[in-house]
$ cat my_file_34.txt   # compact mmCIF, C-alpha atoms (C1' of nucleotides)
# COMPACT_ATOMS: atom_id res chain seq x y z
CA MET K 29 -143.68 26.36 2.57
CA ASN K 30 -146.42 25.26 4.92
CA ILE K 31 -145.94 22.66 7.58
CA GLY K 32 -147.48 19.87 5.52
CA GLU K 33 -145.01 20.19 2.73
CA VAL K 34 -142.07 20.49 5.10
CA SER K 35 -143.33 17.50 6.98
CA LYS K 36 -143.22 15.42 3.82
CA LYS K 37 -139.84 16.69 2.67
CA ALA K 38 -138.16 16.32 6.03
CA ALA K 39 -139.99 13.07 6.78
CA LEU K 40 -140.96 14.37 10.19
CA PRO K 41 -144.51 14.45 11.55
CA ALA K 42 -146.05 17.93 11.67
CA LYS K 43 -146.54 17.44 15.40
CA THR K 44 -142.85 16.90 15.84
CA ILE K 45 -142.01 20.01 13.86
CA ARG K 46 -144.33 22.10 16.01
CA TYR K 47 -142.76 20.55 19.05
CA TYR K 48 -139.30 21.49 17.81
CA GLU K 49 -140.50 25.04 17.47
CA ASP K 50 -141.98 24.95 20.98
CA ILE K 51 -138.66 23.98 22.46
CA GLY K 52 -136.78 26.51 20.40
CA LEU K 53 -134.91 24.34 17.93
CA ILE K 54 -136.38 26.19 14.97
CA THR K 55 -138.18 29.51 14.56
CA PRO K 56 -140.13 29.57 11.33
CA LEU K 57 -141.75 32.82 10.21
CA ARG K 58 -145.50 33.26 10.14
CA ASP K 59 -147.77 34.12 7.26
CA PRO K 60 -150.41 36.80 7.86
CA ASN K 61 -152.96 34.03 8.38
CA GLY K 62 -150.93 32.59 11.23
CA TYR K 63 -149.63 29.62 9.29
CA ARG K 64 -145.99 28.74 9.80
CA CYS K 65 -143.85 29.72 6.86
CA PHE K 66 -140.72 27.62 6.43
CA ARG K 67 -137.73 28.74 4.42
CA ASP K 68 -134.95 26.60 3.08
CA ALA K 69 -132.82 27.22 6.13
CA ASP K 70 -135.61 25.81 8.32
CA MET K 71 -135.85 22.79 6.05
CA HIS K 72 -132.14 22.21 6.38
CA LYS K 73 -132.28 22.43 10.11
CA LEU K 74 -135.15 19.97 10.21
CA ALA K 75 -133.34 17.53 7.95
CA PHE K 76 -130.29 17.88 10.20
CA LEU K 77 -132.43 17.25 13.25
CA GLY K 78 -134.12 14.24 11.68
CA ARG K 79 -130.79 12.73 10.85
CA ALA K 80 -129.30 13.41 14.26
CA ARG K 81 -132.36 11.99 15.99
CA THR K 82 -132.31 8.77 13.97
CA LEU K 83 -128.74 8.41 15.17
CA GLY K 84 -130.09 8.59 18.67
CA PHE K 85 -128.72 11.96 19.72
CA THR K 86 -130.86 13.47 22.46
CA ILE K 87 -132.71 16.70 21.85
CA GLU K 88 -130.15 18.53 23.96
CA ASP K 89 -127.36 16.98 21.92
CA CYS K 90 -129.17 18.17 18.83
CA ARG K 91 -129.43 21.65 20.26
CA ALA K 92 -125.69 21.69 20.85
CA LEU K 93 -124.93 20.23 17.44
CA LEU K 94 -127.17 22.79 15.76
CA ALA K 95 -125.42 25.58 17.61
CA LEU K 96 -122.05 24.25 16.48
CA TRP K 97 -123.39 23.84 12.99
CA ASN K 98 -124.35 27.48 12.97
CA ASP K 99 -121.08 28.56 14.48
CA GLN K 100 -118.60 29.20 11.73
CA SER K 101 -115.71 29.31 14.16
CA ARG K 102 -116.52 26.08 15.96
CA ALA K 103 -113.80 23.56 16.57
CA SER K 104 -114.54 20.18 15.07
CA ALA K 105 -113.25 18.71 18.33
CA ASP K 106 -116.38 19.97 20.06
CA VAL K 107 -118.59 18.07 17.68
CA ARG K 108 -116.42 15.03 17.90
CA SER K 109 -116.63 14.90 21.65
CA ILE K 110 -120.42 14.94 21.59
CA ALA K 111 -120.43 12.15 19.04
CA LYS K 112 -117.87 10.13 20.97
CA GLU K 113 -119.80 10.46 24.19
CA HIS K 114 -122.94 9.36 22.43
CA LEU K 115 -121.14 6.47 20.79
CA ALA K 116 -119.99 5.27 24.18
CA GLN K 117 -123.55 5.32 25.45
CA VAL K 118 -124.76 3.40 22.43
CA GLU K 119 -122.08 0.77 22.97
CA LYS K 120 -122.99 0.43 26.61
CA LYS K 121 -126.62 -0.02 25.70
CA ILE K 122 -125.78 -2.66 23.13
CA SER K 123 -123.81 -4.69 25.59
CA ASP K 124 -126.52 -4.40 28.25
CA LEU K 125 -129.07 -5.60 25.74
CA GLN K 126 -126.84 -8.43 24.63
CA GLU K 127 -126.65 -9.67 28.17
CA ILE K 128 -130.41 -9.51 28.45
CA ARG K 129 -130.77 -11.28 25.14
CA ASP K 130 -128.48 -14.08 26.23
CA THR K 131 -130.42 -14.64 29.42
CA LEU K 132 -133.75 -14.49 27.66
CA SER K 133 -132.84 -16.79 24.85
CA HIS K 134 -131.44 -19.24 27.33
CA LEU K 135 -134.75 -19.18 29.19
CA VAL K 136 -136.80 -19.51 26.05
CA ARG K 137 -134.71 -22.42 24.86
CA GLU K 138 -135.12 -24.15 28.19
CA CYS K 139 -138.87 -23.80 28.16
CA VAL K 140 -140.79 -26.51 26.40
CA GLY K 141 -143.82 -24.26 26.15
CA ASP K 142 -146.59 -26.79 26.30
CA GLU K 143 -149.84 -27.03 28.22
CA ARG K 144 -148.24 -28.05 31.44
CA PRO K 145 -147.95 -25.45 34.18
CA ASP K 146 -144.30 -26.20 34.83
CA CYS K 147 -142.33 -23.26 33.50
CA PRO K 148 -138.59 -22.73 33.81
CA ILE K 149 -138.95 -19.08 32.88
CA LEU K 150 -141.15 -18.26 35.84
CA LYS K 151 -138.99 -20.42 38.01
CA SER K 152 -135.95 -18.47 37.04
CA LEU K 153 -137.61 -15.11 37.58
CA GLU K 154 -138.61 -16.37 40.96
CA GLU K 155 -135.43 -17.97 42.10
CA PHE K 156 -132.82 -15.69 40.72
CA PRO K 157 -132.52 -12.66 42.96
CA SER K 158 -130.33 -10.88 40.45
CA ARG K 159 -129.69 -7.79 42.47
CA GLU K 160 -128.77 -9.39 45.76
CA HIS K 161 -125.32 -7.89 45.55
CA ALA K 162 -126.64 -4.34 45.25
CA MET G 3 -141.78 -5.57 57.33
CA ASN G 4 -141.83 -1.86 56.62
CA ILE G 5 -141.06 -0.39 53.26
CA GLY G 6 -137.48 0.50 54.14
CA GLU G 7 -136.52 -3.04 54.95
CA VAL G 8 -138.28 -4.42 51.91
CA SER G 9 -136.61 -1.80 49.79
CA LYS G 10 -133.22 -3.02 50.92
CA LYS G 11 -134.01 -6.69 50.56
CA ALA G 12 -135.60 -6.37 47.14
CA ALA G 13 -133.05 -3.79 46.01
CA LEU G 14 -135.85 -1.55 44.78
CA PRO G 15 -136.29 2.11 45.78
CA ALA G 16 -139.17 2.72 48.19
CA LYS G 17 -140.64 5.09 45.61
CA THR G 18 -140.74 2.32 43.09
CA ILE G 19 -142.43 -0.04 45.51
CA ARG G 20 -145.12 2.55 46.27
CA TYR G 21 -145.52 3.05 42.56
CA TYR G 22 -146.00 -0.68 42.07
CA GLU G 23 -148.73 -0.58 44.66
CA ASP G 24 -150.33 2.43 42.94
CA ILE G 25 -150.60 0.57 39.69
CA GLY G 26 -151.85 -2.56 41.38
CA LEU G 27 -148.90 -4.91 41.05
CA ILE G 28 -148.79 -5.51 44.77
CA THR G 29 -151.23 -4.90 47.62
CA PRO G 30 -149.41 -4.90 50.93
CA LEU G 31 -151.44 -4.77 54.14
CA ARG G 32 -151.42 -1.75 56.40
CA ASP G 33 -150.45 -1.45 60.03
CA PRO G 34 -152.78 0.50 62.32
CA ASN G 35 -150.48 3.51 61.95
CA GLY G 36 -150.94 3.51 58.19
CA TYR G 37 -147.52 2.07 57.40
CA ARG G 38 -147.38 -0.54 54.67
CA CYS G 39 -146.85 -4.01 56.08
CA PHE G 40 -145.14 -6.41 53.70
CA ARG G 41 -145.34 -10.15 54.05
CA ASP G 42 -143.07 -12.72 52.48
CA ALA G 43 -145.40 -13.14 49.53
CA ASP G 44 -145.07 -9.42 48.80
CA MET G 45 -141.31 -9.68 49.02
CA HIS G 46 -141.35 -12.55 46.55
CA LYS G 47 -143.46 -10.60 44.14
CA LEU G 48 -141.16 -7.63 44.39
CA ALA G 49 -138.10 -9.78 43.80
CA PHE G 50 -139.85 -11.30 40.81
CA LEU G 51 -140.68 -7.84 39.52
CA GLY G 52 -137.16 -6.59 40.02
CA ARG G 53 -135.77 -9.52 38.11
CA ALA G 54 -138.27 -9.21 35.28
CA ARG G 55 -137.66 -5.47 35.00
CA THR G 56 -133.89 -5.88 34.81
CA LEU G 57 -134.57 -8.22 31.91
CA GLY G 58 -136.41 -5.35 30.30
CA PHE G 59 -139.96 -6.68 30.49
CA THR G 60 -142.45 -3.82 30.44
CA ILE G 61 -144.68 -3.22 33.41
CA GLU G 62 -147.59 -4.70 31.49
CA ASP G 63 -145.50 -7.77 30.68
CA CYS G 64 -144.72 -8.00 34.37
CA ARG G 65 -148.38 -7.79 35.22
CA ALA G 66 -149.11 -10.66 32.84
CA LEU G 67 -146.17 -12.70 34.10
CA LEU G 68 -147.24 -12.18 37.70
CA ALA G 69 -150.75 -13.30 36.86
CA LEU G 70 -149.37 -16.43 35.22
CA TRP G 71 -147.08 -16.96 38.14
CA ASN G 72 -150.06 -16.90 40.46
CA ASP G 73 -152.09 -19.13 38.21
CA GLN G 74 -151.44 -22.71 39.14
CA SER G 75 -153.13 -23.95 35.99
CA ARG G 76 -151.24 -21.72 33.56
CA ALA G 77 -149.74 -23.19 30.47
CA SER G 78 -146.04 -22.65 30.25
CA ALA G 79 -146.60 -21.80 26.59
CA ASP G 80 -148.25 -18.54 27.67
CA VAL G 81 -145.17 -17.49 29.55
CA ARG G 82 -142.95 -18.59 26.76
CA SER G 83 -144.76 -16.51 24.20
CA ILE G 84 -144.37 -13.35 26.27
CA ALA G 85 -140.68 -14.06 26.68
CA LYS G 86 -140.25 -14.84 23.00
CA GLU G 87 -141.98 -11.67 21.95
CA HIS G 88 -139.80 -9.68 24.29
CA LEU G 89 -136.70 -11.44 23.06
CA ALA G 90 -137.58 -10.50 19.51
CA GLN G 91 -137.92 -6.86 20.52
CA VAL G 92 -134.59 -6.96 22.31
CA GLU G 93 -132.94 -8.43 19.24
CA LYS G 94 -134.47 -5.78 17.03
CA LYS G 95 -133.23 -3.08 19.33
CA ILE G 96 -129.74 -4.53 19.37
CA SER G 97 -129.52 -4.55 15.62
CA ASP G 98 -130.88 -1.01 15.36
CA LEU G 99 -128.30 0.13 17.83
CA GLN G 100 -125.55 -1.72 16.04
CA GLU G 101 -126.38 0.13 12.88
CA ILE G 102 -126.30 3.40 14.74
CA ARG G 103 -123.03 2.44 16.35
CA ASP G 104 -121.47 1.62 13.00
CA THR G 105 -122.49 4.93 11.50
CA LEU G 106 -121.35 6.86 14.54
CA SER G 107 -118.03 5.16 14.87
CA HIS G 108 -117.41 5.69 11.21
CA LEU G 109 -118.10 9.40 11.66
CA VAL G 110 -115.95 9.67 14.75
CA ARG G 111 -113.08 7.90 13.01
CA GLU G 112 -113.34 10.24 10.08
CA CYS G 113 -113.22 13.33 12.22
CA VAL G 114 -109.79 14.65 13.10
CA GLY G 115 -111.24 16.64 15.97
CA ASP G 116 -108.91 19.57 16.04
CA GLU G 117 -109.37 23.32 16.31
CA ARG G 118 -110.39 23.75 12.71
CA PRO G 119 -114.05 24.32 11.97
CA ASP G 120 -114.13 21.71 9.25
CA CYS G 121 -116.11 18.78 10.60
CA PRO G 122 -117.12 15.67 8.70
CA ILE G 123 -119.68 14.76 11.33
CA LEU G 124 -121.67 17.92 10.85
CA LYS G 125 -121.23 17.62 7.15
CA SER G 126 -122.68 14.16 7.20
CA LEU G 127 -125.61 15.13 9.37
CA GLU G 128 -126.24 17.90 6.93
CA GLU G 129 -125.86 16.07 3.68
CA PHE G 130 -127.32 12.71 4.45
CA PRO G 131 -131.12 12.88 4.25
CA SER G 132 -131.48 9.47 5.83
CA ARG G 133 -135.23 9.23 5.68
CA GLU G 134 -135.82 10.29 2.13
CA HIS G 135 -137.32 6.91 1.35
CA ALA G 136 -139.90 7.16 4.14
C1' DA E 7 -139.59 17.96 74.83
C1' DT E 8 -136.66 17.47 71.13
C1' DG E 9 -134.23 15.62 67.51
C1' DG E 10 -133.66 12.52 63.83
C1' DT E 11 -135.20 9.12 61.03
C1' DG E 12 -138.88 6.79 58.63
C1' DC E 13 -143.28 6.70 57.03
C1' DT E 14 -147.47 8.85 54.62
C1' DT E 15 -149.76 11.48 50.63
C1' DC E 16 -149.86 14.35 46.74
C1' DC E 17 -148.06 17.12 42.99
C1' DA E 18 -144.71 17.94 39.44
C1' DG E 19 -141.41 16.64 36.13
C1' DC E 20 -138.25 13.84 33.08
C1' DA E 21 -137.86 12.52 27.20
C1' DA E 22 -139.75 13.16 23.11
C1' DC E 23 -143.28 13.13 21.35
C1' DT E 24 -148.47 11.70 20.08
C1' DG E 25 -153.54 12.00 20.08
C1' DG E 26 -157.50 14.58 20.09
C1' DA E 27 -160.67 18.50 20.61
C1' DA E 28 -162.18 22.95 19.10
C1' DG E 29 -161.80 26.12 15.87
C1' DG E 30 -159.80 29.33 11.89
C1' DT E 31 -158.46 29.29 6.59
C1' DC E 32 -158.37 28.27 1.97
C1' DA E 33 -159.50 26.42 -2.64
C1' DA E 34 -162.87 24.02 -5.41
C1' DG E 35 -167.48 22.85 -6.81
C1' DG E 36 -172.49 23.62 -7.12
C1' DC T 23 -172.92 32.54 -1.73
C1' DC T 24 -172.55 28.33 0.56
C1' DT T 25 -170.71 24.11 1.59
C1' DT T 26 -167.37 20.59 1.82
C1' DG T 27 -163.00 18.96 2.87
C1' DA T 28 -158.28 19.43 3.52
C1' DC T 29 -155.10 21.95 5.99
C1' DC T 30 -153.73 24.89 9.52
C1' DT T 31 -153.87 26.80 14.48
C1' DT T 32 -153.67 26.26 19.80
C1' DC T 33 -154.10 23.83 23.97
C1' DC T 34 -154.59 19.91 26.99
C1' DA T 35 -153.78 15.28 28.15
C1' DG T 36 -151.49 10.94 27.86
C1' DT T 37 -147.57 7.87 27.04
C1' DT T 38 -143.43 4.79 30.25
C1' DG T 39 -141.56 4.05 34.59
C1' DC T 40 -140.35 6.08 37.62
C1' DT T 41 -138.02 10.20 40.60
C1' DG T 42 -137.79 14.50 43.43
C1' DG T 43 -139.67 17.30 46.71
C1' DA T 44 -142.93 19.37 50.02
C1' DA T 45 -145.86 18.95 54.00
C1' DG T 46 -147.03 16.39 57.64
C1' DC T 47 -147.61 12.17 60.93
C1' DA T 48 -145.12 8.21 63.62
C1' DC T 49 -141.68 6.36 66.30
C1' DC T 50 -137.59 5.97 69.16
C1' DA T 51 -133.80 7.73 71.96
C1' DT T 52 -132.20 11.11 74.92

$ encode --input "my_file_34.txt" --output "structure tokens"
Amino acid sequence: MNIGEVSKKAALPAKTIRYYEDIGLITPLRDPNGYRCFRDADMHKLAFLGRARTLGFTIEDCRALLALWNDQSRASADVRSIAKEHLAQVEKKISDLQEIRDTLSHLVRECVGDERPDCPILKSLEEFPSREHA
Amino acid sequence: MNIGEVSKKAALPAKTIRYYEDIGLITPLRDPNGYRCFRDADMHKLAFLGRARTLGFTIEDCRALLALWNDQSRASADVRSIAKEHLAQVEKKISDLQEIRDTLSHLVRECVGDERPDCPILKSLEEFPSREHA
DNA sequence: ATGGTGCTTCCAGCAACTGGAAGGTCAAGG
DNA sequence: CCTTGACCTTCCAGTTGCTGGAAGCACCAT
């Protein structure tokens, strides 16, 4: 399989696949003409990577998960701890964003948004030294 | 005021402040010795920037907001539309992350996490070609 | 004079790609 | 046989928003 076909099947841009090879996540063979030659195992890895990435695992997480995936004697606890750690980060990010959303939507609701220069949003950005306590 | 003092007051790293000058968000004066010399107006801008950045506005958003802030004849609608756009992006991100969180927490719950190699998380990453429809 | 801290500039690097240029390869059509 | 066009290759640069570090002045206290 050439990169184009793999790209379609794995739903990953060819550029991304080349990048994954660059950083050592996959090592496809080469045809005599220099074209990358992907086997089913490569496809599987790429599908795995695509899935893990859409779940927001970092590339280094993916590297670790791939290693565990390839390790027949791995303990499932190892995988679980990576996933749990990542889950915690996702939850933190959600709550940070929720706070931001609340502030923003409050500001947007307060702002009439007409032709007058008076703007509560700017006023708030100006007057609210949020990090004073830092 | 030198950069160190401003850095403390605005709760922004000195590196960040220099970076903001580099990209033209602020233009502090210089003392004869070459040191940056910040006036109150610079401080205000930096505080404004810090606040806007903690709310997740991009640098380019900040540039636009600063320009509006400095524009006495601005329409508050202009500010509002930037904030609304950003709010929409934040909300999108929250819901994306919530989906990820749900999937992840489901996986983590399913996984016993013991010494056995059998791992539902890896299995799911393997078997679930999430982007097939792309 | 010496030490320590603070300031300067510039260069490199992070994550995870993405875009584009310059060029080789292959299959089809004339 | 030649051309066209799609596909492949490599390499370099850019993205966002900083951050780290090196090399070298500036300033103040002793």

$ interface_residues --input "my_file_34.txt" --of "chain E" --to "chain K" --cutoff "12 Å" --atoms "only C-alpha atoms (C1' of nucleotides)" --output "PyMOL selection string"
chain E and resi 21-25+30-32

$ write_last_selection --input "my_file_34.txt" --atoms "C-alpha atoms (C1' of nucleotides)" --output "compact mmCIF listing (two decimals), keeping the file's coordinate frame"
# COMPACT_ATOMS: atom_id res chain seq x y z
C1' DA E 21 -137.86 12.52 27.20
C1' DA E 22 -139.75 13.16 23.11
C1' DC E 23 -143.28 13.13 21.35
C1' DT E 24 -148.47 11.70 20.08
C1' DG E 25 -153.54 12.00 20.08
C1' DG E 30 -159.80 29.33 11.89
C1' DT E 31 -158.46 29.29 6.59
C1' DC E 32 -158.37 28.27 1.97

$ atom_distance --input "my_file_34.txt" --atom1 "CA of Pro34 in chain G" --atom2 "CA of Ile5 in chain G"
14.8 Å

$ atom_distance --input "my_file_34.txt" --atom1 "CA of Ala39 in chain K" --atom2 "CA of Thr82 in chain K"
11.4 Å

$ closest_residue --input "my_file_34.txt" --among "K:Ser35, K:Ser109, K:Ser152, K:Thr55" --to "Ser107 in chain G" --atoms "all atoms listed in the file"
K:Ser109

$ residues_near_point --input "my_file_34.txt" --point "(-164.1, 20.5, 5.8)" --cutoff "12 Å" --atoms "only C-alpha atoms (C1' of nucleotides)" --output "list in words"
DG29, DG30, DT31, DC32, DA33 and DA34 of chain E; DT25, DT26, DG27, DA28, DC29 and DC30 of chain T

$ residues_around --input "my_file_34.txt" --residues "range 88-105 of chain G" --least-positions-apart "5" --cutoff "8 Å" --atoms "only C-alpha atoms (C1' of nucleotides)" --output "list in words"
Leu83, Gly84, Leu115, Val118, Glu119, Ile122, Leu125, Gln126, Ile128, Arg129, Leu132 and Ser133 of chain K; Phe59 of chain G

$ residues_around --input "my_file_34.txt" --residues "DT52 in chain T" --least-positions-apart "5" --cutoff "12 Å" --atoms "only C-alpha atoms (C1' of nucleotides)" --output "list of chain:residue names"
E:DA7, E:DT8, E:DG9, E:DG10

$ residues_around --input "my_file_34.txt" --residues "Val81 in chain G" --least-positions-apart "6" --cutoff "9 Å" --atoms "only C-alpha atoms (C1' of nucleotides)" --output "PyMOL selection string"
(chain K and resi 141+147+149-150) or (chain G and resi 66-67+70-71)

$ axis_aligned_box --input "my_file_34.txt" --around "range 51-63 of chain G" --padding-each-side "8 Å" --output "JSON"
{"center_x": -140.7, "center_y": -6.4, "center_z": 35.2, "size_x": 29.7, "size_y": 22.3, "size_z": 25.7}

$ closest_residue --input "my_file_34.txt" --among "T:DC50, T:DA45, T:DC40, T:DC33" --to "chain G" --atoms "only C-alpha atoms (C1' of nucleotides)"
T:DC40

$ atom_distance --input "my_file_34.txt" --atom1 "C1' of DT41 in chain T" --atom2 "CA of Met45 in chain G"
21.8 Å

$ interface_residues --input "my_file_34.txt" --of "chain T" --to "chain G" --cutoff "12 Å" --atoms "all atoms listed in the file" --output "list in words"
DT38, DG39, DC40, DT41, DG42, DC47, DA48 and DC49 of chain T

$ write_last_selection --input "my_file_34.txt" --atoms "C-alpha atoms (C1' of nucleotides)" --output "PDB file, in the frame of the given file"
ATOM      1  C1'  DT T  38    -143.430   4.790  30.250  1.00  0.00           C
ATOM      2  C1'  DG T  39    -141.560   4.050  34.590  1.00  0.00           C
ATOM      3  C1'  DC T  40    -140.350   6.080  37.620  1.00  0.00           C
ATOM      4  C1'  DT T  41    -138.020  10.200  40.600  1.00  0.00           C
ATOM      5  C1'  DG T  42    -137.790  14.500  43.430  1.00  0.00           C
ATOM      6  C1'  DC T  47    -147.610  12.170  60.930  1.00  0.00           C
ATOM      7  C1'  DA T  48    -145.120   8.210  63.620  1.00  0.00           C
ATOM      8  C1'  DC T  49    -141.680   6.360  66.300  1.00  0.00           C
TER       9       DC T  49
END

$ interface_residues --input "my_file_34.txt" --of "chain G" --to "chain K" --cutoff "6 Å" --atoms "all atoms listed in the file" --output "list in words"
Phe50, Arg53, Leu57, Ser75, Arg76, Ala77, Ser78, Ala79, Arg82, Ile96, Ile102, Gly115, Asp116, Glu117, Arg118, Pro119, Cys121, Leu127 and Glu128 of chain G
